[in-house]
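Peer 1: File target.txt follows (compact mmCIF, C-alpha atoms):
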```txt
# COMPACT_ATOMS: atom_id res chain seq x y z
CA MET A 1 0.09 -1.92 17.75
CA LYS A 2 -3.27 -2.42 16.07
CA ILE A 3 -3.26 -3.10 12.34
CA ALA A 4 -6.56 -3.70 10.55
CA VAL A 5 -7.63 -4.03 6.92
CA GLN A 6 -11.41 -4.09 6.83
CA ALA A 7 -14.50 -3.33 4.77
CA ASP A 8 -16.36 -1.79 7.69
CA ALA A 9 -16.20 1.85 8.76
CA PHE A 10 -14.19 2.80 11.83
CA ASP A 11 -14.93 5.18 14.70
CA LEU A 12 -12.12 7.65 15.37
CA ASN A 13 -13.18 8.35 18.95
CA ALA A 14 -13.47 4.67 19.81
CA GLU A 15 -10.06 3.93 18.28
CA VAL A 16 -8.35 6.79 20.10
CA GLU A 17 -10.00 5.77 23.35
CA ALA A 18 -8.84 2.16 22.89
CA LEU A 19 -5.34 3.40 22.10
CA ARG A 20 -4.97 5.47 25.26
CA SER A 21 -7.26 3.80 27.80
CA GLY A 22 -5.42 2.68 30.91
CA ARG A 23 -2.14 4.23 29.71
CA LEU A 24 -1.48 7.13 31.99
CA ASP A 25 1.93 7.74 30.41
CA VAL A 26 0.23 8.90 27.19
CA GLY A 27 0.58 12.66 26.90
CA ALA A 28 -0.30 13.01 23.22
CA VAL A 29 -2.33 11.28 20.54
CA ALA A 30 -2.02 12.51 16.96
CA SER A 31 -4.50 11.10 14.47
CA PHE A 32 -5.15 11.33 10.75
CA VAL A 33 -8.28 10.29 8.86
CA GLY A 34 -8.33 10.18 5.06
CA TYR A 35 -11.67 10.44 3.25
CA ALA A 36 -12.91 9.57 -0.23
CA ARG A 37 -13.35 12.77 -2.27
CA ASP A 38 -15.99 13.49 -4.91
CA LEU A 39 -13.49 15.04 -7.32
CA ASN A 40 -10.12 13.78 -8.57
CA ASP A 41 -8.05 14.90 -11.54
CA GLY A 42 -10.88 17.12 -12.73
CA SER A 43 -13.57 14.43 -12.84
CA ALA A 44 -16.51 13.85 -10.53
CA VAL A 45 -16.04 10.57 -8.67
CA ARG A 46 -19.24 8.65 -7.86
CA ALA A 47 -17.58 5.86 -5.91
CA MET A 48 -14.27 4.07 -5.57
CA THR A 49 -13.24 0.49 -4.97
CA LEU A 50 -10.12 -0.27 -2.99
CA GLU A 51 -8.30 -3.47 -3.90
CA HIS A 52 -5.44 -4.85 -1.82
CA TYR A 53 -3.00 -7.74 -1.58
CA PRO A 54 -4.23 -9.84 1.35
CA GLY A 55 -1.33 -10.94 3.52
CA MET A 56 1.21 -8.48 2.19
CA THR A 57 -0.98 -5.51 3.12
CA GLU A 58 -1.05 -6.37 6.81
CA LYS A 59 2.70 -7.09 6.81
CA ALA A 60 3.49 -3.82 5.05
CA LEU A 61 1.39 -1.78 7.50
CA ALA A 62 3.00 -3.51 10.48
CA ALA A 63 6.46 -2.89 9.04
CA ILE A 64 5.68 0.82 8.59
CA GLY A 65 4.44 1.05 12.17
CA GLU A 66 7.56 -0.71 13.45
CA ASP A 67 9.75 1.61 11.40
CA ALA A 68 7.99 4.60 13.00
CA ALA A 69 8.52 3.10 16.46
CA ARG A 70 12.27 2.88 15.77
CA ARG A 71 12.47 6.50 14.65
CA TRP A 72 10.38 8.08 17.41
CA THR A 73 9.53 7.33 21.02
CA LEU A 74 6.03 5.91 20.75
CA ILE A 75 3.74 4.23 23.23
CA ASP A 76 1.36 2.63 20.74
CA ALA A 77 -0.22 3.13 17.33
CA THR A 78 -3.31 2.13 15.36
CA ILE A 79 -3.46 1.82 11.58
CA ILE A 80 -6.80 0.94 9.94
CA HIS A 81 -7.36 0.89 6.17
CA ARG A 82 -10.65 0.07 4.49
CA VAL A 83 -11.11 -1.98 1.32
CA GLY A 84 -14.05 -2.55 -1.00
CA ARG A 85 -16.47 0.00 -2.44
CA LEU A 86 -16.54 3.44 -0.81
CA LEU A 87 -18.59 6.57 -1.53
CA PRO A 88 -17.44 10.20 -1.44
CA GLY A 89 -17.26 11.29 2.18
CA ASP A 90 -16.54 7.81 3.48
CA PRO A 91 -13.48 7.48 5.69
CA ILE A 92 -10.73 5.37 4.06
CA VAL A 93 -7.79 5.32 6.43
CA LEU A 94 -7.06 6.05 10.07
CA VAL A 95 -3.67 6.46 11.71
CA ALA A 96 -3.45 7.29 15.40
CA VAL A 97 -0.20 7.49 17.35
CA ALA A 98 0.19 7.74 21.12
CA SER A 99 3.35 9.06 22.73
CA ARG A 100 4.48 10.95 25.79
CA HIS A 101 4.97 14.24 23.93
CA ARG A 102 3.33 15.76 20.87
CA GLY A 103 6.42 16.00 18.68
CA ASP A 104 6.84 12.24 18.39
CA ALA A 105 3.11 11.70 17.81
CA PHE A 106 2.82 14.35 15.08
CA ALA A 107 5.92 13.21 13.23
CA ALA A 108 5.20 9.49 13.44
CA CYS A 109 1.60 9.98 12.26
CA GLU A 110 2.74 11.89 9.17
CA PHE A 111 5.55 9.42 8.49
CA ILE A 112 3.17 6.44 8.68
CA MET A 113 0.78 8.09 6.20
CA ASP A 114 3.57 9.04 3.81
CA TYR A 115 4.94 5.51 3.82
CA LEU A 116 1.51 3.91 3.62
CA LYS A 117 0.82 5.92 0.44
CA THR A 118 3.90 4.54 -1.30
CA GLN A 119 4.55 1.13 0.30
CA ALA A 120 1.28 -0.54 1.27
CA PRO A 121 -0.32 -2.55 -1.55
CA PHE A 122 -3.68 -0.84 -2.02
CA TRP A 123 -5.10 0.36 -5.32
CA LYS A 124 -8.04 2.70 -5.96
CA LYS A 125 -10.40 2.35 -8.88
CA GLU A 126 -12.75 5.29 -9.39
CA GLU A 127 -16.18 5.31 -10.97
CA THR A 128 -16.72 8.46 -13.03
CA ALA A 129 -19.31 9.63 -15.57
CA THR A 130 -17.05 8.37 -18.36
CA GLY A 131 -16.40 4.97 -16.83
CA ALA A 132 -14.11 3.34 -14.32
CA ARG A 133 -10.42 4.23 -14.07
CA TRP A 134 -7.50 3.13 -11.93
CA VAL A 135 -5.94 5.96 -9.97
CA GLU A 136 -2.36 6.68 -11.06
CA ALA A 137 0.38 6.92 -8.45
CA ARG A 138 1.53 10.49 -7.76
CA SER A 139 5.15 11.54 -7.83
CA SER A 140 4.30 13.97 -5.00
CA ASP A 141 3.60 10.94 -2.80
CA ASP A 142 7.03 9.51 -3.60
CA ALA A 143 8.56 12.87 -2.77
CA ALA A 144 6.66 13.01 0.53
CA ALA A 145 7.97 9.59 1.53
CA ALA A 146 11.49 10.34 0.33
CA ARG A 147 11.88 13.41 2.53
CA TRP A 148 12.12 11.13 5.57
CA HIS A 149 15.46 9.89 4.25
CA PRO A 150 18.11 12.56 4.64
CA PRO A 151 20.35 12.76 1.53
CA GLY A 152 23.00 10.08 1.54
CA SER A 153 21.28 7.98 4.19
CA GLU A 154 20.30 4.36 3.91
CA ALA A 155 16.99 3.26 5.36
CA MET B 1 10.93 -25.03 -9.82
CA ASN B 2 7.44 -23.63 -9.63
CA VAL B 3 6.53 -20.10 -8.66
CA ARG B 4 3.09 -18.78 -7.81
CA LEU B 5 2.37 -15.54 -9.62
CA LEU B 6 -0.21 -12.98 -8.53
CA TYR B 7 -1.32 -9.89 -10.43
CA PHE B 8 -3.24 -6.98 -8.98
CA ALA B 9 -5.36 -3.98 -9.93
CA ARG B 10 -4.85 -2.48 -13.40
CA LEU B 11 -2.25 -5.11 -14.34
CA ARG B 12 -4.58 -7.97 -13.36
CA GLU B 13 -7.25 -6.54 -15.64
CA ARG B 14 -4.89 -5.74 -18.50
CA LEU B 15 -3.09 -9.11 -18.43
CA GLY B 16 -6.39 -10.93 -18.01
CA VAL B 17 -5.14 -13.15 -15.18
CA GLY B 18 -5.12 -12.85 -11.39
CA GLU B 19 -3.06 -15.87 -10.46
CA GLU B 20 -1.05 -18.64 -12.08
CA THR B 21 1.60 -21.22 -11.29
CA LEU B 22 4.62 -21.18 -13.56
CA ALA B 23 7.44 -23.69 -14.05
CA PHE B 24 10.57 -21.56 -14.12
CA ASP B 25 14.27 -22.39 -14.43
CA GLY B 26 15.80 -19.01 -13.63
CA ALA B 27 17.07 -17.61 -10.36
CA THR B 28 15.97 -13.98 -10.05
CA VAL B 29 13.08 -11.60 -10.49
CA ALA B 30 14.75 -10.16 -13.59
CA GLU B 31 14.87 -13.60 -15.22
CA LEU B 32 11.24 -14.27 -14.36
CA LEU B 33 10.20 -10.94 -15.88
CA ALA B 34 12.11 -11.86 -19.05
CA VAL B 35 10.07 -15.08 -19.28
CA LEU B 36 6.82 -13.16 -18.87
CA ARG B 37 7.81 -10.52 -21.44
CA ALA B 38 8.62 -13.29 -23.92
CA ARG B 39 4.91 -14.10 -24.00
CA GLY B 40 4.67 -11.00 -26.20
CA GLY B 41 1.60 -8.81 -26.70
CA VAL B 42 0.27 -7.14 -23.60
CA TRP B 43 2.90 -8.92 -21.46
CA ALA B 44 5.78 -7.42 -23.38
CA GLU B 45 4.06 -4.04 -23.39
CA GLU B 46 3.09 -3.80 -19.71
CA LEU B 47 6.29 -5.32 -18.32
CA ALA B 48 8.66 -3.50 -20.65
CA PRO B 49 11.73 -1.99 -18.98
CA GLY B 50 10.88 1.54 -17.96
CA ARG B 51 7.20 0.81 -17.37
CA SER B 52 6.05 1.60 -13.87
CA PHE B 53 5.26 -1.57 -11.93
CA ARG B 54 6.38 -3.24 -8.72
CA VAL B 55 7.30 -6.82 -7.84
CA ALA B 56 6.99 -8.43 -4.42
CA VAL B 57 8.55 -11.78 -3.50
CA ASN B 58 6.95 -13.63 -0.61
CA GLN B 59 5.03 -10.46 0.22
CA GLU B 60 8.03 -8.13 0.43
CA LEU B 61 8.93 -5.52 -2.18
CA ALA B 62 11.65 -6.91 -4.43
CA THR B 63 14.25 -5.67 -6.90
CA PRO B 64 15.37 -7.22 -10.21
CA ASP B 65 18.15 -9.15 -8.49
CA THR B 66 15.99 -10.58 -5.70
CA PRO B 67 16.52 -14.38 -5.75
CA LEU B 68 13.63 -16.78 -6.26
CA ALA B 69 13.28 -20.18 -4.60
CA ASP B 70 10.88 -23.00 -5.33
CA ALA B 71 7.29 -22.18 -4.33
CA ALA B 72 8.02 -18.46 -4.12
CA GLU B 73 4.99 -16.18 -4.20
CA VAL B 74 5.71 -13.44 -6.71
CA ALA B 75 3.27 -10.56 -7.11
CA VAL B 76 3.36 -8.03 -9.95
CA PHE B 77 1.35 -4.86 -9.51
CA PRO B 78 1.12 -1.16 -10.39
CA PRO B 79 2.53 1.53 -8.07
CA VAL B 80 0.28 1.63 -5.03
CA THR B 81 -2.47 4.22 -4.56
CA GLY B 82 -3.96 3.65 -1.11
CA GLY B 83 -4.41 6.07 1.76
```
Go ahead and render the structure in this file as structure tokens.

Peer 2:
Amino acid sequence: MKIAVQADAFDLNAEVEALRSGRLDVGAVASFVGYARDLNDGSAVRAMTLEHYPGMTEKALAAIGEDAARRWTLIDATIIHRVGRLLPGDPIVLVAVASRHRGDAFAACEFIMDYLKTQAPFWKKEETATGARWVEARSSDDAAAARWHPPGSEA
Amino acid sequence: MNVRLLYFARLRERLGVGEETLAFDGATVAELLAVLRARGGVWAEELAPGRSFRVAVNQELATPDTPLADAAEVAVFPPVTGG
């Protein structure tokens, strides 16, 4: 599994190619790329800065990937998250999951993103016309992560 | 014992500190938070029960009853907003 926290941009095609190259058992790769938007909560966003908790971030991402690998039959996965100052349109996060069949890849990719949003220690600060502001966590993200736990289950 | 405290993002800015080492006689996260709240002012306000923040001990998400050992790394931060 590849886990990276980096300032530099990533190349989706290169990452998918690296994930599947030489693995002829891979029948499916599902990928997700998140981008910085120019509008959030009704305000134009000029730029954002992503802060993280070095050390814990990498551990948290690896733990989420391992959790996904326990829940679905995966061959490999790549999780890359950028930090530092990003402009609207810049890619922020990449998740790519390789498996034998599409169902496992689709589900694991969505699960990893849902958990990343609520468990990995990153914080966004946006620059707007009225100054800088920290992005508030969304309850919809908690709900998205929670739906992977059936009622009454422990995980 | 001593614990190393780290603060991130909005809480780091609001509390005016990113990192400190604290001599602490308690045993759990809840007791450590009580010590920090007793500083009053912005500490009492931001770390008040019911406020939305997270605590990690040795880089794993913790709960109020998570035990603390000497040289523990304790991070206090707002709910995360990556992705």

Peer 1: Between atom CA of Ser99 of chain A and atom CA of Ala28 of chain A, what distance in Å does the model show, to one decimal?

Peer 2: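 Spanning atom CA of Ser99 of chain A to atom CA of Ala28 of chain A is a straight-line distance of 5.4 Å.
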
Peer 1: Please report as an mmCIF file with C-alpha atoms, keeping the file's coordinate frame which residues of chain A come no farther than 6 Å from chain B, using all atoms listed in the file.

Peer 2:
```cif
data_model
loop_
_atom_site.group_PDB
_atom_site.id
_atom_site.type_symbol
_atom_site.label_atom_id
_atom_site.label_comp_id
_atom_site.auth_asym_id
_atom_site.auth_seq_id
_atom_site.Cartn_x
_atom_site.Cartn_y
_atom_site.Cartn_z
ATOM 1 C CA MET A 56 1.210 -8.480 2.190
ATOM 2 C CA VAL A 93 -7.790 5.320 6.430
ATOM 3 C CA LYS A 117 0.820 5.920 0.440
ATOM 4 C CA THR A 118 3.900 4.540 -1.300
ATOM 5 C CA PRO A 121 -0.320 -2.550 -1.550
ATOM 6 C CA PHE A 122 -3.680 -0.840 -2.020
ATOM 7 C CA TRP A 123 -5.100 0.360 -5.320
ATOM 8 C CA LYS A 124 -8.040 2.700 -5.960
ATOM 9 C CA ALA A 137 0.380 6.920 -8.450
#
```

Peer 1: Restricting the calculation to all atoms listed in the file: of B:Ala71, B:Leu11, B:Ala30, B:Val17, which residue gets closest to Glu45 of chain B?

Peer 2: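 Using all atoms listed in the file, the shortest distance to Glu45 of chain B belongs to B:Leu11.
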
Peer 1: If I put a ball of radius 12 Å at (8.4, 8.9, -4.3) in the file's coordinates, which residues poke into it when counting only C-alpha atoms, written as a PyMOL selection string?

Peer 2: (chain A and resi 114-119+137-149) or (chain B and resi 79-81)

Peer 1: Would you mind listing what lies within 12 Å of Asp8 of chain A as a list in words, with only C-alpha atoms counted and same-chain residues fewer than 6 positions away left out?

Peer 2: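 Selected residues are Ile80, His81, Arg82, Val83, Gly84, Arg85, Leu86, Asp90, Pro91, Ile92 and Val93 of chain A.
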
Peer 1: Edge lengths and centre, in Å to one decimal, as lines of an AutoDock Vina configuration file: that's what I need for the box along x, y and z that holds all listed atoms of segment 11-25 of chain B plus 8 Å on each side.

Peer 2:
```
center_x = 3.5
center_y = -14.4
center_z = -14.5
size_x = 37.5
size_y = 34.6
size_z = 24.0
```

Peer 1: Go ahead and compute the interatomic distance for atom CA of Ala60 of chain A and atom CA of Met48 of chain A, in Å to one decimal.

Peer 2: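 Taking atom CA of Ala60 of chain A and atom CA of Met48 of chain A, their separation equals 22.1 Å.
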
Peer 1: Using all atoms listed in the file, which of A:Asp104, A:Asp67, A:Glu17, A:Glu126 sits nearest Arg46 of chain A?

Peer 2: A:Glu126

Peer 1: How far is it from atom CA of Gly41 of chain B to atom CA of Ala69 of chain B, in Å with one decimal?

Peer 2: 27.5 Å

Peer 1: Name the residues in contact with Thr78 of chain A at a cut-off of 7 Å, using all atoms listed in the file, excluding same-chain residues fewer than 6 positions from it; report them as a list in words.

Peer 2: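 Residues near the query, excluding close chain neighbours: Met1, Lys2, Ile3, Val95, Ala96 and Val97 of chain A.
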
Peer 1: Here is a test: counting all atoms listed in the file, which residue of A:Ala68, A:Trp134, A:Ala77, A:Phe111 is nearest to Arg12 of chain B?

Peer 2: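 For Arg12 of chain B, the nearest of the given residues is A:Trp134.
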
Peer 1: Measuring between all atoms listed in the file, which one of A:Thr128, A:Gln6, A:Thr73, A:Asn13 shows the shortest distance to Pro54 of chain A?

Peer 2: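 Under the stated criterion, the closest residue is A:Gln6.
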
Peer 1: Pick out the closest residue to Leu50 of chain A from this set: A:Ile112, A:Ala62, A:Ala105, A:Ala36. Count all atoms listed in the file.

Peer 2: A:Ala36
